[in-house]
Structures are given as C-alpha cells and as structure tokens.
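Peer 1: PDB, C-alpha atoms, file protein_17.pdb:
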```
ATOM      1  CA  MET B   1      16.824 -39.226 -40.805
ATOM      2  CA  LYS B   2      14.598 -42.216 -41.433
ATOM      3  CA  LEU B   3      14.704 -44.901 -38.727
ATOM      4  CA  ASP B   4      13.427 -48.423 -39.161
ATOM      5  CA  LYS B   5      12.161 -50.865 -36.519
ATOM      6  CA  ILE B   6      15.643 -52.207 -35.819
ATOM      7  CA  ASP B   7      17.010 -48.695 -35.232
ATOM      8  CA  LEU B   8      14.150 -48.038 -32.821
ATOM      9  CA  LYS B   9      14.846 -51.327 -31.023
ATOM     10  CA  ILE B  10      18.491 -50.322 -30.636
ATOM     11  CA  LEU B  11      17.516 -46.949 -29.226
ATOM     12  CA  ALA B  12      14.942 -48.452 -26.845
ATOM     13  CA  ALA B  13      17.438 -51.033 -25.600
ATOM     14  CA  LEU B  14      20.098 -48.393 -24.974
ATOM     15  CA  GLN B  15      17.600 -46.102 -23.289
ATOM     16  CA  SER B  16      16.768 -48.954 -20.958
ATOM     17  CA  ASP B  17      20.413 -49.838 -20.281
ATOM     18  CA  GLY B  18      23.051 -47.552 -21.776
ATOM     19  CA  ARG B  19      25.841 -49.658 -20.256
ATOM     20  CA  MET B  20      24.988 -52.886 -22.066
ATOM     21  CA  THR B  21      27.785 -54.381 -24.110
ATOM     22  CA  LYS B  22      27.639 -54.189 -27.867
ATOM     23  CA  LEU B  23      27.351 -57.979 -27.986
ATOM     24  CA  ARG B  24      24.356 -57.948 -25.634
ATOM     25  CA  LEU B  25      22.809 -55.103 -27.656
ATOM     26  CA  ALA B  26      23.209 -57.119 -30.869
ATOM     27  CA  GLU B  27      21.526 -60.111 -29.204
ATOM     28  CA  ALA B  28      18.700 -57.911 -27.868
ATOM     29  CA  VAL B  29      17.856 -56.605 -31.345
ATOM     30  CA  ASN B  30      18.575 -59.902 -33.132
ATOM     31  CA  LEU B  31      21.473 -58.671 -35.293
ATOM     32  CA  SER B  32      25.037 -59.759 -35.829
ATOM     33  CA  PRO B  33      27.508 -57.730 -33.756
ATOM     34  CA  THR B  34      28.980 -56.159 -36.916
ATOM     35  CA  ALA B  35      25.599 -55.080 -38.313
ATOM     36  CA  CYS B  36      24.550 -53.769 -34.915
ATOM     37  CA  TRP B  37      27.818 -51.834 -34.536
ATOM     38  CA  GLU B  38      27.359 -50.248 -37.987
ATOM     39  CA  ARG B  39      23.828 -49.126 -37.111
ATOM     40  CA  LEU B  40      24.943 -47.825 -33.722
ATOM     41  CA  SER B  41      27.784 -45.861 -35.324
ATOM     42  CA  ARG B  42      25.364 -44.375 -37.866
ATOM     43  CA  LEU B  43      22.953 -43.332 -35.090
ATOM     44  CA  GLU B  44      25.808 -41.680 -33.183
ATOM     45  CA  LYS B  45      27.284 -39.905 -36.230
ATOM     46  CA  SER B  46      23.880 -38.598 -37.326
ATOM     47  CA  GLY B  47      23.231 -37.053 -33.915
ATOM     48  CA  VAL B  48      20.282 -39.294 -33.039
ATOM     49  CA  ILE B  49      22.343 -40.599 -30.114
ATOM     50  CA  THR B  50      23.842 -37.560 -28.426
ATOM     51  CA  GLY B  51      25.472 -39.264 -25.445
ATOM     52  CA  TYR B  52      25.220 -41.859 -22.732
ATOM     53  CA  THR B  53      24.084 -40.948 -19.237
ATOM     54  CA  VAL B  54      23.173 -42.472 -15.909
ATOM     55  CA  ARG B  55      19.865 -42.095 -14.063
ATOM     56  CA  ILE B  56      20.397 -41.170 -10.430
ATOM     57  CA  ASN B  57      17.866 -41.658  -7.642
ATOM     58  CA  THR B  58      18.382 -38.375  -5.814
ATOM     59  CA  ASP B  59      15.847 -39.431  -3.156
ATOM     60  CA  LYS B  60      18.574 -41.700  -1.754
ATOM     61  CA  PHE B  61      20.880 -38.841  -0.764
ATOM     62  CA  MET B  62      19.115 -35.471  -0.822
ATOM     63  CA  ARG B  63      15.868 -33.715  -0.068
ATOM     64  CA  ARG B  64      14.109 -32.085  -2.955
ATOM     65  CA  THR B  65      10.741 -30.722  -3.887
ATOM     66  CA  THR B  66       9.322 -30.991  -7.387
ATOM     67  CA  VAL B  67       6.898 -28.321  -8.513
ATOM     68  CA  LEU B  68       4.937 -27.957 -11.752
ATOM     69  CA  VAL B  69       4.118 -24.380 -12.728
ATOM     70  CA  GLU B  70       1.693 -23.104 -15.339
ATOM     71  CA  ILE B  71       2.754 -19.721 -16.750
ATOM     72  CA  MET B  72       0.616 -17.272 -18.674
ATOM     73  CA  LEU B  73       2.254 -14.248 -20.270
ATOM     74  CA  LYS B  74       0.616 -10.806 -20.542
ATOM     75  CA  SER B  75       1.548 -10.344 -24.191
ATOM     76  CA  HIS B  76       2.027 -12.864 -26.949
ATOM     77  CA  GLN B  77       4.479 -11.174 -29.307
ATOM     78  CA  GLN B  78       7.477 -13.172 -30.534
ATOM     79  CA  ALA B  79       9.829 -10.936 -28.523
ATOM     80  CA  ASP B  80       7.870 -11.720 -25.325
ATOM     81  CA  PHE B  81       8.279 -15.451 -25.835
ATOM     82  CA  GLN B  82      11.981 -15.051 -26.680
ATOM     83  CA  ARG B  83      12.678 -12.931 -23.573
ATOM     84  CA  PHE B  84      10.879 -15.413 -21.307
ATOM     85  CA  GLU B  85      12.575 -18.469 -22.832
ATOM     86  CA  ALA B  86      16.042 -16.877 -22.658
ATOM     87  CA  ALA B  87      15.570 -16.256 -18.918
ATOM     88  CA  ILE B  88      14.290 -19.790 -18.315
ATOM     89  CA  LEU B  89      17.343 -21.304 -20.033
ATOM     90  CA  LYS B  90      19.563 -19.599 -17.444
ATOM     91  CA  GLU B  91      17.797 -21.137 -14.420
ATOM     92  CA  PRO B  92      19.332 -24.508 -13.442
ATOM     93  CA  GLY B  93      16.456 -25.341 -11.072
ATOM     94  CA  ILE B  94      14.035 -25.377 -13.989
ATOM     95  CA  ILE B  95      14.607 -28.849 -15.374
ATOM     96  CA  SER B  96      11.900 -28.726 -18.023
ATOM     97  CA  CYS B  97       9.986 -25.983 -19.833
ATOM     98  CA  ASP B  98       7.362 -26.775 -22.438
ATOM     99  CA  ALA B  99       5.566 -24.180 -24.546
ATOM    100  CA  THR B 100       1.924 -25.218 -24.814
ATOM    101  CA  GLY B 101      -1.141 -24.333 -26.825
ATOM    102  CA  GLY B 102      -4.424 -23.433 -25.192
ATOM    103  CA  GLY B 103      -4.931 -21.304 -22.093
ATOM    104  CA  VAL B 104      -1.445 -21.759 -20.656
ATOM    105  CA  ASP B 105       1.701 -20.556 -22.413
ATOM    106  CA  TYR B 106       4.299 -22.677 -20.575
ATOM    107  CA  ILE B 107       4.528 -25.545 -18.134
ATOM    108  CA  LEU B 108       7.672 -25.635 -16.022
ATOM    109  CA  LYS B 109       9.065 -28.477 -13.963
ATOM    110  CA  ILE B 110      11.173 -27.166 -11.119
ATOM    111  CA  VAL B 111      13.252 -29.141  -8.662
ATOM    112  CA  SER B 112      14.369 -27.284  -5.550
ATOM    113  CA  GLU B 113      15.599 -28.028  -2.068
ATOM    114  CA  ASP B 114      12.246 -27.034  -0.568
ATOM    115  CA  ILE B 115       9.240 -24.761  -1.089
ATOM    116  CA  ASP B 116      11.154 -21.711   0.159
ATOM    117  CA  ALA B 117      13.835 -22.246  -2.494
ATOM    118  CA  TYR B 118      11.105 -22.654  -5.126
ATOM    119  CA  GLN B 119       9.504 -19.385  -4.014
ATOM    120  CA  ARG B 120      12.847 -17.565  -4.232
ATOM    121  CA  LEU B 121      13.224 -18.807  -7.814
ATOM    122  CA  ILE B 122       9.732 -17.573  -8.728
ATOM    123  CA  ASP B 123      10.416 -14.229  -7.044
ATOM    124  CA  ARG B 124      13.595 -13.891  -9.159
ATOM    125  CA  LEU B 125      11.613 -14.574 -12.322
ATOM    126  CA  LEU B 126       8.970 -12.023 -11.369
ATOM    127  CA  LYS B 127      11.623  -9.365 -10.615
ATOM    128  CA  LEU B 128      13.080  -9.870 -14.087
ATOM    129  CA  ASP B 129       9.827  -8.473 -15.534
ATOM    130  CA  LEU B 130       9.445 -11.247 -18.085
ATOM    131  CA  GLY B 131       5.810 -10.435 -18.751
ATOM    132  CA  ILE B 132       4.361 -13.119 -16.485
ATOM    133  CA  GLU B 133       0.683 -12.318 -16.006
ATOM    134  CA  ARG B 134      -0.270 -15.316 -13.869
ATOM    135  CA  TYR B 135       1.271 -18.490 -12.603
ATOM    136  CA  PHE B 136      -0.175 -21.524 -10.884
ATOM    137  CA  THR B 137       1.908 -23.787  -8.672
ATOM    138  CA  TYR B 138       1.358 -27.520  -8.207
ATOM    139  CA  VAL B 139       3.534 -29.324  -5.685
ATOM    140  CA  VAL B 140       4.274 -32.904  -6.746
ATOM    141  CA  THR B 141       3.465 -35.230  -3.856
ATOM    142  CA  LYS B 142       4.420 -38.475  -5.601
ATOM    143  CA  ASN B 143       5.727 -39.512  -8.990
ATOM    144  CA  VAL B 144       3.438 -42.234 -10.266
ATOM    145  CA  LYS B 145       5.112 -42.897 -13.600
ATOM    146  CA  ALA B 146       8.159 -41.668 -15.489
ATOM    147  CA  THR B 147       9.018 -43.408 -18.731
ATOM    148  CA  ASP B 148      11.668 -42.711 -21.310
ATOM    149  CA  PRO B 149       9.951 -41.862 -24.617
ATOM    150  CA  LEU B 150      11.077 -44.908 -26.592
ATOM    151  CA  GLN B 151      10.149 -47.234 -23.732
ATOM    152  CA  SER B 152       6.519 -46.308 -24.365
ATOM    153  CA  LEU B 153       6.641 -47.450 -27.999
ATOM    154  CA  VAL B 154       5.685 -50.977 -28.878
ATOM    155  CA  ILE B 155       8.230 -52.099 -31.448
ATOM    156  CA  ASP B 156       7.622 -55.485 -33.056
TER     157      ASP B 156
END
```
If you took the structure in this file and wrote it as structure tokens, what would it be?

Peer 2:
Amino acid sequence: MKLDKIDLKILAALQSDGRMTKLRLAEAVNLSPTACWERLSRLEKSGVITGYTVRINTDKFMRRTTVLVEIMLKSHQQADFQRFEAAILKEPGIISCDATGGGVDYILKIVSEDIDAYQRLIDRLLKLDLGIERYFTYVVTKNVKATDPLQSLVID
C-alpha cells in the first residue's frame, strides 16, 4: 500500500496519542473530519492500523529486569533458524527477537522479574537443544531513549 505524507501524519499522531478524538486528529493533520475519517478507515481496512493500545509504565507497580542477549547458532541451515524461532515465539518473557546479519544471528530483548528468572529462561532455551552455540548477556541499567518508529520521521 502506498502512503502519502498525510497518511504518515495520521499514523504519527495516533502513535503519539491513540485516544485522540477524530476531530482532534483531523485538526492535527489539517484535514476536514470527513476526509480524515475516510483515510483512517482505509488505513484500518488495509491492515496498516492493526489496533489501538495503551503504553503502561510498569516501573510504577512492579520490579523487572531488562536484558539484551546476543545469540549465535552452531549451524545456519534454514531448519535451524526455523526451530530456534519457533521456540522463541513460545516464550512470553522474550518481548523482542530480531534476526541480524553479521557475527550475531539474533538479538533478544527479555523482560523478567529479576536476573534469576532471566537465567531460568536461558536454561530452558539451552535444554531445548535449539543449536545455540554462544550467547552474550547485557543487563539494561537504564533506558535512555525509546521512540515509536513513526515518531522518528520528520513529516512536513
């Protein structure tokens, strides 16, 4: 689907505040309410907008530890990648998994109650014999920046 600057402005505005009224959204992107509503409906029907969510500051009510993990697999056959990825999809504590090029095959972002819980998760993965050759753990001490993708675009 081809998106123009107005579509991107709509998406960026909603990503910033998904609860804004349709009238306020139309004003934010400089469209009439009807035109804005038609574009919004098209974005929803096409699957570009898949839902509306809320961001929750879990630091306010629970302890958690965020860990980044680099994973290198022993073998690089398609079946090895598929087996690893299928196992990762089943782990709720793994909130992000990116396949990467270069010396590392995957980078995981794991959120757990504490380091012990993280280690239990890693031990489970290792027991599954997913072909993990090496892994490197980086404990996140502070989040410096987290931006929604469209918020980083400059849309004129």

Peer 1: Ranking B:Ser41, B:Thr65, B:Gln78, B:Asn143 by minimum distance to Ile115 in chain B and counting only C-alpha atoms, which one comes first?

Peer 2: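 Answer, going by the shortest atom-to-atom distance: B:Thr65.
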
Peer 1: Could you check the closest approach to Val140 in chain B for each of B:Cys97, B:Met1, B:Val69, B:Leu126 and tell me which residue wins, using all atoms listed in the file?

Peer 2: B:Val69

Peer 1: Between CA of Arg42 in chain B and CA of Ile56 in chain B, what is the distance in Å, rounded to a tenth?

Peer 2: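 Distance reported for this atom pair: 28.1 Å.
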
Peer 1: Residue by residue, what does the PyMOL selection byres ((chain B and resi 104-109) around 7) grab here? Present the result as a compact mmCIF listing (two decimals) with C-alpha atoms, in the frame of the given file.

Peer 2:
```
# COMPACT_ATOMS: atom_id res chain seq x y z
CA VAL B 67 6.90 -28.32 -8.51
CA LEU B 68 4.94 -27.96 -11.75
CA VAL B 69 4.12 -24.38 -12.73
CA GLU B 70 1.69 -23.10 -15.34
CA ILE B 71 2.75 -19.72 -16.75
CA MET B 72 0.62 -17.27 -18.67
CA LEU B 73 2.25 -14.25 -20.27
CA ILE B 94 14.04 -25.38 -13.99
CA ILE B 95 14.61 -28.85 -15.37
CA SER B 96 11.90 -28.73 -18.02
CA CYS B 97 9.99 -25.98 -19.83
CA ASP B 98 7.36 -26.78 -22.44
CA ALA B 99 5.57 -24.18 -24.55
CA THR B 100 1.92 -25.22 -24.81
CA GLY B 101 -1.14 -24.33 -26.82
CA GLY B 102 -4.42 -23.43 -25.19
CA GLY B 103 -4.93 -21.30 -22.09
CA ILE B 110 11.17 -27.17 -11.12
CA VAL B 111 13.25 -29.14 -8.66
```

Peer 1: Within 12 Å of Asn30 in chain B, counting only C-alpha atoms, which residues show up once you throw out same-chain ones fewer than 6 positions away? Write them as a PyMOL selection string, please.

Peer 2: chain B and resi 5-7+9-10+13+22-24+36+156

Peer 1: May I ask which of the residues B:Ala79, B:Tyr138, B:Ala117, B:Lys2 is the closest one to Val48 in chain B, counting all atoms listed in the file?

Peer 2: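 The closest residue to Val48 in chain B is B:Lys2.
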